[in-house]
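All remarks here apply to the structure that follows.
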Amino acid sequence: MSPRRIAVVGASAAGLAAAEALRRFGWTGTLTLVGDEPHPPYDRPPLSKQLLQGAWQPDKLHLRAADQLDALGLDLRLGTRATGLDTATRTLTLDSGERLACDGVIVATGVAARTLPEAAGLDGVHTLRTLEDALALKERLSGTGHRLVVIGNGVLGCEAAAVARELGHEVALVGREALPMARTVGTQIGELLAAEHHERGVRLHTAAVDGFEADGDGPARRVTAVRTADGTRLPADTVLVAIGSEPAVGWLHGDPALDTTDGLRCDAYCAAAPGVYAAGDVARWQHPVHGRDLRVEHRMNATEQGMAAARNLLAELAESLEGDEALAPAAGRERRPFTPVPYFWSDQYGLKIQAYGVLGGADRSEATVVDPDSRKAVALYGRDGRATGVLAIGLPPRQVRGLRALIATPVPWEEAREGLRNALA
Amino acid sequence: MNITLDADKCCAAGQCVLVAPEVFDQRDEDGIVVLLDAAPPADQHDAVREAAAICPAAVIKVDE
């Protein structure tokens, strides 16, 4: 009989958290961690901040030291892509053709950067998702006086624009949304961010991108400008396409048991099929408290959901593997719905933006600008009469933690407003 | 148990303070993590392991 095996597909934050949790919660069988990049698990949020800025070298991005990874006793497959999963037999196929029989699988393949078809083969046009992406953009922006056009004014585009501006480059930020990060944070906070970027010298444009202008031929074809649908020509020697991402579910399409519409669909326990769980950016699960499907592309969620998926997978396996030496006995092992209070942060210039709960899909939001000069602000987000999320810029940590408590579960809107007033008093 | 921090990597999420408030705190001015007890008593160990595991910037290292 083949040894007991759990495979975690995806070796970034969610996959690593799942692997660590599997060991912590008692899995002693084979633990395969598959990552398509050649690097040991590294952290992505600093790519658009400290790494791009030049403040950190790549080795600082490692999520765990070598001895910590060794201690997990992994069957580590880096530079390896999973190409298929048969959920009926729990068989994972790798790009080498190897087929792995698994007792359980955790899917943590994340997302891939979306790009524009016109960008193909054009020198100077970048995306920013992987370490290689970030190093290439950093190299491109070495020296001073570059003209960078950032396409997409979401979180990533805004962060990269801020860093590039601080490095002394000319920066234009183009988005279809009228205000930076408005789809995430709403109009009022978006206006505040727009003011900050404007004051720092970033040119803001609201427009769809029509295409690129370039000179040279073949592989030497270099971008020279971005054209927008309103007829504007934005000169550029470097372009960052930051228009969001696509869940990496293409490799799962072969299995009819899986729903891969906007991520891998899971139940409240993060289970996509018996013995198959998902975590991190790729997972769309039913949040029981919010009563709807969520897919959260935040760093914090990757870790929390990796741990939750690991716990629930082991709880499921405990029933079939009772007494098996691959799974150490553990008290109180039971499946629990995954009910996090989502958290995200963003750093732009000196601003630290932090948010708890669910901001997306809000039907109302209300911002309080505490101090316009220092851009100190708080905002509440709600849906169907309840407050579901809160955001803070420039607030002291104690107050920020208090805001989390305020919306840890959705509360009536007026109650949350009252709580917010008290928190600021 | 011995805890070390790479506070330079801290993103000020404050998750460690929520999980283990007797071991971690945050600086008032910027929210950067502060270690209150580098060798906490046994009743804190689970909380510290949890804090290290969920830290979104991988700041906390625990040697046991």
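By order in the structure tokens, chains are A, B, ...; within a chain, residues start at 1; ligands start at 1, following the order shown.
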
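For His39 of chain A, the set of protein, DNA and RNA residues having any atom at most 9 Å away, when counting only C-alpha atoms and skipping those fewer than 4 positions along the same chain, is A:Ala11, A:Gly35, A:His62, A:Leu78, A:Gly79, A:Leu131.
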
*Would you please extract all helix (DSSP H, G or I) residues from segment 142-255 of chain A, as assigned by DSSP on the backbone, and give them as a PyMOL selection string?*
chain A and resi 155-166+182-185+187-199+218-220+250-252

*At a cut-off of 6 Å, list the chain A residues touching chain B, using only C-alpha atoms, as number ranges by chain.*
A: 63, 300, 303, 396-397

_Rounded to one decimal, what separation in Å do you get between atom CA of Thr109 of chain A and atom CA of Arg284 of chain A?_
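Atom-to-atom, atom CA of Thr109 of chain A and atom CA of Arg284 of chain A are spaced 12.5 Å apart.
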
*Neighbours of Ala272 of chain A within 12 Å (only C-alpha atoms; same-chain residues fewer than 2 positions away dropped), as a ChimeraX atom specification?*
/A:85,87-88,104-107,252,255-260,263-270,274-279,282-286,309,312-313

Selection to disk with N, CA, C and O atoms, as a compact mmCIF listing (two decimals), in the first residue's frame:
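Now in out_13.txt:
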# COMPACT_ATOMS: atom_id res chain seq x y z
N LEU A 85 -6.52 17.31 -11.28
CA LEU A 85 -6.93 16.68 -10.03
C LEU A 85 -8.19 15.86 -10.32
O LEU A 85 -9.17 16.39 -10.85
N THR A 87 -10.97 14.28 -8.42
CA THR A 87 -11.44 14.30 -7.03
C THR A 87 -12.04 12.95 -6.62
O THR A 87 -12.04 12.62 -5.44
N ALA A 88 -12.52 12.17 -7.59
CA ALA A 88 -13.13 10.88 -7.24
C ALA A 88 -12.10 9.94 -6.62
O ALA A 88 -12.39 9.23 -5.66
N GLY A 104 -5.73 13.44 0.99
CA GLY A 104 -6.35 14.76 1.02
C GLY A 104 -5.56 15.72 0.16
O GLY A 104 -4.37 15.53 -0.08
N VAL A 105 -6.25 16.75 -0.32
CA VAL A 105 -5.60 17.77 -1.16
C VAL A 105 -6.07 19.15 -0.70
O VAL A 105 -7.26 19.34 -0.42
N ILE A 106 -5.13 20.06 -0.58
CA ILE A 106 -5.50 21.45 -0.32
C ILE A 106 -5.04 22.29 -1.52
O ILE A 106 -3.86 22.29 -1.88
N VAL A 107 -5.99 22.96 -2.12
CA VAL A 107 -5.71 23.77 -3.31
C VAL A 107 -5.43 25.20 -2.85
O VAL A 107 -6.30 25.85 -2.25
N LEU A 252 -7.88 22.79 -12.92
CA LEU A 252 -8.94 22.02 -12.28
C LEU A 252 -10.14 21.79 -13.19
O LEU A 252 -11.11 21.13 -12.80
N ASP A 255 -12.23 18.34 -13.91
CA ASP A 255 -13.05 17.57 -12.97
C ASP A 255 -14.43 18.19 -12.84
O ASP A 255 -14.58 19.29 -12.32
N PRO A 256 -15.45 17.46 -13.32
CA PRO A 256 -16.81 18.02 -13.33
C PRO A 256 -17.37 18.24 -11.93
O PRO A 256 -18.37 18.96 -11.77
N ALA A 257 -16.76 17.65 -10.91
CA ALA A 257 -17.28 17.80 -9.55
C ALA A 257 -16.95 19.18 -8.97
O ALA A 257 -17.49 19.56 -7.93
N LEU A 258 -16.05 19.89 -9.63
CA LEU A 258 -15.61 21.17 -9.07
C LEU A 258 -16.24 22.36 -9.79
O LEU A 258 -16.35 22.36 -11.02
N ASP A 259 -16.65 23.35 -9.02
CA ASP A 259 -17.16 24.60 -9.58
C ASP A 259 -16.02 25.62 -9.55
O ASP A 259 -15.58 26.03 -8.47
N THR A 260 -15.56 26.00 -10.73
CA THR A 260 -14.40 26.90 -10.79
C THR A 260 -14.78 28.28 -11.32
O THR A 260 -13.97 28.99 -11.90
N GLY A 263 -12.88 31.36 -9.07
CA GLY A 263 -12.21 30.67 -7.98
C GLY A 263 -12.81 29.29 -7.75
O GLY A 263 -13.79 28.92 -8.38
N LEU A 264 -12.18 28.54 -6.87
CA LEU A 264 -12.69 27.20 -6.56
C LEU A 264 -13.74 27.32 -5.47
O LEU A 264 -13.46 27.76 -4.36
N ARG A 265 -14.96 26.93 -5.83
CA ARG A 265 -16.07 27.13 -4.90
C ARG A 265 -16.05 26.07 -3.81
O ARG A 265 -15.92 24.89 -4.08
N CYS A 266 -16.20 26.55 -2.57
CA CYS A 266 -16.15 25.68 -1.40
C CYS A 266 -17.37 25.91 -0.53
O CYS A 266 -18.05 26.92 -0.64
N ASP A 267 -17.60 24.98 0.39
CA ASP A 267 -18.64 25.20 1.38
C ASP A 267 -18.07 26.02 2.55
O ASP A 267 -16.94 26.51 2.49
N ALA A 268 -18.83 26.12 3.61
CA ALA A 268 -18.41 26.95 4.74
C ALA A 268 -17.17 26.40 5.44
O ALA A 268 -16.51 27.11 6.20
N TYR A 269 -16.85 25.12 5.18
CA TYR A 269 -15.67 24.50 5.81
C TYR A 269 -14.44 24.58 4.90
O TYR A 269 -13.42 23.98 5.19
N CYS A 270 -14.57 25.27 3.78
CA CYS A 270 -13.50 25.37 2.78
C CYS A 270 -13.33 24.07 2.00
O CYS A 270 -12.28 23.81 1.43
N PRO A 274 -15.20 15.95 -1.31
CA PRO A 274 -14.68 15.15 -0.19
C PRO A 274 -13.15 15.05 -0.23
O PRO A 274 -12.57 14.71 -1.27
N GLY A 275 -12.49 15.40 0.87
CA GLY A 275 -11.04 15.31 0.93
C GLY A 275 -10.31 16.40 0.17
O GLY A 275 -9.08 16.40 0.12
N VAL A 276 -11.05 17.32 -0.42
CA VAL A 276 -10.41 18.40 -1.21
C VAL A 276 -10.85 19.75 -0.64
O VAL A 276 -12.04 20.07 -0.61
N TYR A 277 -9.87 20.53 -0.20
CA TYR A 277 -10.15 21.83 0.41
C TYR A 277 -9.39 22.91 -0.36
O TYR A 277 -8.47 22.61 -1.13
N ALA A 278 -9.78 24.15 -0.12
CA ALA A 278 -9.08 25.25 -0.81
C ALA A 278 -8.84 26.38 0.18
O ALA A 278 -9.57 26.52 1.17
N ALA A 279 -7.81 27.18 -0.11
CA ALA A 279 -7.44 28.27 0.80
C ALA A 279 -6.76 29.39 0.03
O ALA A 279 -6.10 29.15 -0.99
N VAL A 282 -7.41 31.81 -4.18
CA VAL A 282 -8.14 30.99 -5.16
C VAL A 282 -9.49 30.51 -4.63
O VAL A 282 -10.36 30.13 -5.40
N ALA A 283 -9.69 30.56 -3.32
CA ALA A 283 -10.86 29.91 -2.71
C ALA A 283 -12.05 30.85 -2.61
O ALA A 283 -11.94 31.97 -2.13
N ARG A 284 -13.17 30.39 -3.09
CA ARG A 284 -14.42 31.13 -2.90
C ARG A 284 -15.28 30.26 -1.99
O ARG A 284 -15.64 29.14 -2.35
N TRP A 285 -15.53 30.78 -0.80
CA TRP A 285 -16.26 29.95 0.15
C TRP A 285 -17.44 30.72 0.71
O TRP A 285 -17.53 31.93 0.60
N GLN A 286 -18.32 29.95 1.34
CA GLN A 286 -19.55 30.49 1.89
C GLN A 286 -19.26 31.01 3.28
O GLN A 286 -19.04 30.21 4.19
N ALA A 309 -8.39 25.31 6.48
CA ALA A 309 -8.54 24.18 5.55
C ALA A 309 -7.80 22.96 6.08
O ALA A 309 -8.30 21.83 6.00
N ASN A 312 -9.76 21.41 9.00
CA ASN A 312 -10.99 20.73 8.58
C ASN A 312 -10.70 19.47 7.77
O ASN A 312 -11.42 18.47 7.89
N LEU A 313 -9.65 19.51 6.96
CA LEU A 313 -9.28 18.30 6.22
C LEU A 313 -8.91 17.19 7.21
O LEU A 313 -9.34 16.04 7.07

*asked:* Run DSSP on the backbone and tell me which residues of segment 166-307 of chain A come out as strand (DSSP E or B); list them as a VMD selection string.
replied: chain A and resid 170 to 175 203 to 206 209 to 215 222 to 228 233 to 235 238 to 241 245 to 247 264 to 265 271 to 273 276 to 278 283 to 287 292 to 294

*Using only C-alpha atoms, find the one residue out of A:Cys158, A:Leu351, A:Ala310, A:Ala82 that sits nearest to Arg333 of chain A.*
A:Ala310

*For Leu61 of chain A, which of A:His298, A:Arg77, A:Arg398, A:Arg44 is the closest residue, counting only C-alpha atoms?*
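Counting only C-alpha atoms, the residue closest to Leu61 of chain A is A:Arg44.
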
*Provide the atom CA of Ala242 of chain A to atom CA of Asp262 of chain A distance in Å, to one decimal place.*
18.3 Å

*Leaving out segment 320-327 of chain A and any residue of its chain fewer than 3 positions from it, which residues lie within 8 Å of it when counting only C-alpha atoms, given as a ChimeraX atom specification?*
/A:4,26-29,314,316-317

*Of the candidates A:Ala65, A:Cys102, A:Leu72, A:Leu116, which shows the shortest atom-to-atom distance to Ile6 of chain A, using only C-alpha atoms?*
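Residue with the minimum atom-to-atom distance to Ile6 of chain A: A:Cys102.
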
*Can you tell me, as a VMD selection string, what residues are no more than 12 Å from Gly168 of chain A when counting only C-alpha atoms, ignoring any on the same chain fewer than 5 positions away?*
chain A and resid 53 141 to 148 161 to 163 200 to 202

The selected residues should be written to file as a compact mmCIF listing (two decimals), in the first residue's frame (atoms: all heavy atoms).
# COMPACT_ATOMS: atom_id res chain seq x y z
N GLN A 53 10.90 49.44 -3.85
CA GLN A 53 11.57 50.62 -3.31
C GLN A 53 13.09 50.45 -3.23
O GLN A 53 13.83 51.42 -3.22
CB GLN A 53 11.06 50.76 -1.88
CG GLN A 53 10.87 52.13 -1.34
CD GLN A 53 9.99 52.03 -0.10
OE1 GLN A 53 10.14 51.11 0.71
NE2 GLN A 53 9.07 52.95 0.05
N LEU A 141 13.08 50.40 -13.49
CA LEU A 141 12.97 51.73 -12.88
C LEU A 141 14.26 52.16 -12.19
O LEU A 141 14.26 53.09 -11.40
CB LEU A 141 11.81 51.75 -11.87
CG LEU A 141 10.40 51.63 -12.47
CD1 LEU A 141 9.36 51.55 -11.37
CD2 LEU A 141 10.09 52.80 -13.42
N SER A 142 15.35 51.46 -12.48
CA SER A 142 16.61 51.89 -11.89
C SER A 142 17.03 53.21 -12.55
O SER A 142 16.64 53.50 -13.67
CB SER A 142 17.68 50.81 -12.05
OG SER A 142 17.94 50.61 -13.42
N GLY A 143 17.81 53.98 -11.83
CA GLY A 143 18.12 55.32 -12.32
C GLY A 143 16.96 56.25 -12.02
O GLY A 143 16.05 55.90 -11.27
N THR A 144 16.99 57.42 -12.61
CA THR A 144 15.92 58.38 -12.31
C THR A 144 15.27 58.84 -13.60
O THR A 144 15.74 58.57 -14.70
CB THR A 144 16.48 59.63 -11.58
OG1 THR A 144 17.57 60.13 -12.35
CG2 THR A 144 16.94 59.27 -10.19
N GLY A 145 14.16 59.53 -13.42
CA GLY A 145 13.54 60.22 -14.55
C GLY A 145 12.81 59.33 -15.53
O GLY A 145 12.62 59.70 -16.69
N HIS A 146 12.37 58.15 -15.08
CA HIS A 146 11.55 57.34 -15.97
C HIS A 146 10.13 57.88 -16.03
O HIS A 146 9.69 58.59 -15.14
CB HIS A 146 11.53 55.88 -15.50
CG HIS A 146 12.80 55.17 -15.79
ND1 HIS A 146 13.10 54.67 -17.03
CD2 HIS A 146 13.87 54.89 -15.01
CE1 HIS A 146 14.29 54.10 -17.00
NE2 HIS A 146 14.80 54.24 -15.78
N ARG A 147 9.47 57.53 -17.13
CA ARG A 147 8.06 57.87 -17.26
C ARG A 147 7.26 56.58 -17.14
O ARG A 147 7.26 55.77 -18.06
CB ARG A 147 7.80 58.50 -18.63
CG ARG A 147 8.42 59.86 -18.75
CD ARG A 147 8.27 60.35 -20.16
NE ARG A 147 8.08 61.79 -20.18
CZ ARG A 147 7.86 62.47 -21.29
NH1 ARG A 147 7.79 61.86 -22.45
NH2 ARG A 147 7.70 63.78 -21.24
N LEU A 148 6.61 56.45 -16.01
CA LEU A 148 5.83 55.24 -15.73
C LEU A 148 4.35 55.54 -15.86
O LEU A 148 3.84 56.50 -15.28
CB LEU A 148 6.14 54.75 -14.31
CG LEU A 148 5.26 53.59 -13.80
CD1 LEU A 148 5.58 52.28 -14.53
CD2 LEU A 148 5.46 53.41 -12.29
N ALA A 161 2.51 53.03 -7.78
CA ALA A 161 2.61 54.44 -8.19
C ALA A 161 3.27 55.26 -7.10
O ALA A 161 4.13 56.12 -7.38
CB ALA A 161 1.21 54.99 -8.50
N ALA A 162 2.90 55.00 -5.85
CA ALA A 162 3.48 55.75 -4.73
C ALA A 162 4.98 55.52 -4.64
O ALA A 162 5.77 56.46 -4.50
CB ALA A 162 2.79 55.35 -3.42
N VAL A 163 5.39 54.26 -4.75
CA VAL A 163 6.83 53.96 -4.66
C VAL A 163 7.59 54.61 -5.81
O VAL A 163 8.64 55.24 -5.61
CB VAL A 163 7.06 52.43 -4.64
CG1 VAL A 163 8.53 52.10 -4.83
CG2 VAL A 163 6.55 51.83 -3.34
N ARG A 200 1.31 64.49 -4.30
CA ARG A 200 2.66 63.94 -4.44
C ARG A 200 3.15 64.00 -5.88
O ARG A 200 4.26 63.56 -6.18
CB ARG A 200 2.68 62.49 -3.98
CG ARG A 200 2.24 62.31 -2.55
CD ARG A 200 3.37 62.57 -1.60
NE ARG A 200 2.99 62.29 -0.22
CZ ARG A 200 3.84 62.08 0.76
NH1 ARG A 200 5.14 62.13 0.52
NH2 ARG A 200 3.42 61.85 1.97
N GLY A 201 2.27 64.46 -6.77
CA GLY A 201 2.73 64.66 -8.15
C GLY A 201 2.36 63.54 -9.11
O GLY A 201 2.86 63.50 -10.23
N VAL A 202 1.52 62.62 -8.69
CA VAL A 202 1.03 61.59 -9.61
C VAL A 202 -0.09 62.18 -10.44
O VAL A 202 -0.98 62.85 -9.91
CB VAL A 202 0.52 60.35 -8.83
CG1 VAL A 202 -0.16 59.36 -9.77
CG2 VAL A 202 1.66 59.67 -8.09

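If you look at atom CA of Arg221 of chain A and atom CA of Asn153 of chain A, they are 25.9 Å away from each other.
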